[in-house]
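Asker: Starting off with a structure, shown below.
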Amino acid sequence: MVMSTRNDLVEQLNGLLRLTQTETMIAETRRAQAATPDVERELAANADKSRERTQLLTAAIRDLGGFPDVVGGGAGRLAATVKSTVEQGQDLVDALFGDLALENELLARTRYARMIADHHGETRTLKVLDRLETAHTATVQWLMTRLGEVAVDAPPSLRPTPMQTVAGIGRRIYFLPAAQTARLANRGLETSRRLRRRAGDTATTTVERSRDLIDAAGEVITAGRDAALKRTEEEATERGATRTARNVNRTRRDLGAIDGDELPIRNYDSLTATSAIERIERLRDVDDLRAVLAYEAANKARKGVTNAIEGRLEQLVAELAAAS
């Protein structure tokens with residue numbers, strides 16, 4: 001049986017120290033993107049608090065008889081520099097998702113370190129970790145709110161850099177044809193030569209997107225991103241922004257970032273593979289099938305089930321094309 005030791009606690013604190021170095025530099029980077037003086041002050045305060053957490057972690061490591069990871073701290077600063085450079089090729093939303101992933105890792109590591117500290121009765125370390133947990137929880141919420149602003153077209157607190165603006169526009173243009181053809185397929189593909197041609201495109205696009213989702217099943221979908229999308233959809237619904245809520249819901253369905261009870265198949269999580277395939281064969285909506293496929297890929301990833309969904313997608317789109 002593997003037991004945690006104080007050395008494990010020191011290792012986790014050093015991991016937090018490295019990530020906190022990255023967090024500090026990212027907060028400084030975001031200051032230049034603040035849309036208002038109030039937001040700039042918030043980010044400046046966050047950077048200052050992050051430096052304070054660095055000092056607290058350094059002291060806690062020494063208090064446990066360990067040595068602060070100075071080299072790793074430099075690596076953390078380098079990681080922030082690389083992240084800032086790479087994200088210039090992303091749009092602002094993807095950059096914020098990266099920030100959110102970092103904060104969720106900090107929060108998870110803090111909670112894990114807290115369990116070790118509690119087990120070994122390290123009360124002084126516990127106090128430090130309590131402060132960290134409170135801070136990272138608040139930062140996760142702050143980032144979710146920023147993502148919500150973008151999603152519901154509210155006045156943004158952060159401005160994209162010029163390169164991020166270009167990336168965002170390019171991404172929307174790139175995905176526009178796929179979104180259009182998917183909507184056309186769902187409307188039954190009106191009979192005409194133009195739509196028959198699009199029906200063929202729809203079949204290819206839908207199947208390719210399905211296979212892309214399967215290929216991406218091994219990637220980590222952070223809980224923070226999923227929670228942010230769900231929160232955004234709920235806020236849009238509360239404000240009466242039906243179209244926005246519907247678009248966010250579609251994104252969640254495409255990512256598999258929905259709960260089992262939101263699927264078009266009741267009690268899906270409790271079904272065996274055989275029963276799931278039987279229910280899948282009854283579905284007649286392309287979006288419903290894509291939602292089940294994404295959910296399956298993000299959760300159980302049963303090969304037989306995903307193959308059945310792919311086959312049903314091909315069959316359904318072929319039927320729609322023939323009917324036109």
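To be explicit about the labels: the chains of the structure tokens are called A, B, and onward in the order shown, and within each one the residues are counted from 1, while ligands get numbers from 1 in the order they are shown.
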Write out as a ChimeraX atom specification which residues come within 10 Å of Asp130 (chain A) when counting only C-alpha atoms, dropping same-chain ones fewer than 6 positions away.

Answerer: /A:110-111,114

Asker: Write out, as a PDB file, in the first residue's frame, the residues just selected, with N, CA and C atoms.

Answerer:
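Just written: again.pdb:
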ATOM      1  N   THR A 110      -3.783  22.013  -4.937  1.00  0.00           N
ATOM      2  CA  THR A 110      -3.900  22.582  -3.593  1.00  0.00           C
ATOM      3  C   THR A 110      -4.727  21.671  -2.693  1.00  0.00           C
ATOM      4  N   ARG A 111      -5.838  21.175  -3.228  1.00  0.00           N
ATOM      5  CA  ARG A 111      -6.705  20.303  -2.430  1.00  0.00           C
ATOM      6  C   ARG A 111      -6.010  18.977  -2.100  1.00  0.00           C
ATOM      7  N   ARG A 114      -3.472  19.633   0.495  1.00  0.00           N
ATOM      8  CA  ARG A 114      -4.147  19.860   1.775  1.00  0.00           C
ATOM      9  C   ARG A 114      -4.479  18.535   2.458  1.00  0.00           C
TER      10      ARG A 114
END

Asker: Would you list the contacts of Asn299 (chain A) as a list in words, taking every protein, DNA or RNA residue within 9 Å and counting only C-alpha atoms, but skipping same-chain residues closer than 3 positions in sequence?

Answerer: Ala217, Gly256, Ala294, Tyr295, Glu296 and Arg302 of chain A

Asker: Could you take the residues named above and write them with C-alpha atoms, as a PDB file, in the first residue's frame?

Answerer:
ATOM      1  CA  ALA A 217     -11.658  11.242 -27.182  1.00  0.00           C
ATOM      2  CA  GLY A 256     -19.841  15.943 -25.069  1.00  0.00           C
ATOM      3  CA  ALA A 294     -19.565  13.223 -28.368  1.00  0.00           C
ATOM      4  CA  TYR A 295     -20.888  12.118 -24.971  1.00  0.00           C
ATOM      5  CA  GLU A 296     -19.891   8.499 -25.595  1.00  0.00           C
ATOM      6  CA  ARG A 302     -17.166   1.934 -26.256  1.00  0.00           C
TER       7      ARG A 302
END

Asker: Just checking: using only C-alpha atoms, which residue out of A:Arg30, A:Arg282, A:Lys230, A:His119 ends up closest to Arg246 (chain A)?

Answerer: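 Of all the options, A:Lys230 lies closest to Arg246 (chain A).
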
Asker: Gly15 (chain A): which residues within 9 Å, counting only C-alpha atoms, same-chain residues fewer than 3 positions away excluded, as a PyMOL selection string?

Answerer: chain A and resi 10-12+18-20+69+72+106+109

Asker: Please produce a file of the residues just selected, as a PDB file, in the first residue's frame, where the atoms kept are C-alpha atoms.

Answerer:
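Result saved to out07.pdb:
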ATOM      1  CA  VAL A  10       7.075  19.152  -0.258  1.00  0.00           C
ATOM      2  CA  GLU A  11       6.911  17.869  -3.835  1.00  0.00           C
ATOM      3  CA  GLN A  12       3.317  19.070  -4.205  1.00  0.00           C
ATOM      4  CA  ARG A  18       6.117  26.419 -10.252  1.00  0.00           C
ATOM      5  CA  LEU A  19       2.513  26.857 -11.386  1.00  0.00           C
ATOM      6  CA  THR A  20       2.145  30.010  -9.298  1.00  0.00           C
ATOM      7  CA  ASP A  69      12.452  24.639  -6.543  1.00  0.00           C
ATOM      8  CA  GLY A  72      11.473  24.894 -11.598  1.00  0.00           C
ATOM      9  CA  LEU A 106      -3.700  24.811  -9.150  1.00  0.00           C
ATOM     10  CA  ARG A 109      -3.146  20.308  -6.527  1.00  0.00           C
TER      11      ARG A 109
END

Asker: Quick one: everything within 9 Å of region 262-269 of chain A, counting only C-alpha atoms, minus sequence neighbours fewer than 5 positions away in the same chain. Send it as a list in words.

Answerer: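 What passes the distance filter is Arg253, Ala276, Arg279, Ile280, Leu283, Asp288, Leu289, Ala291, Val292, Tyr295 and Lys300 of chain A.
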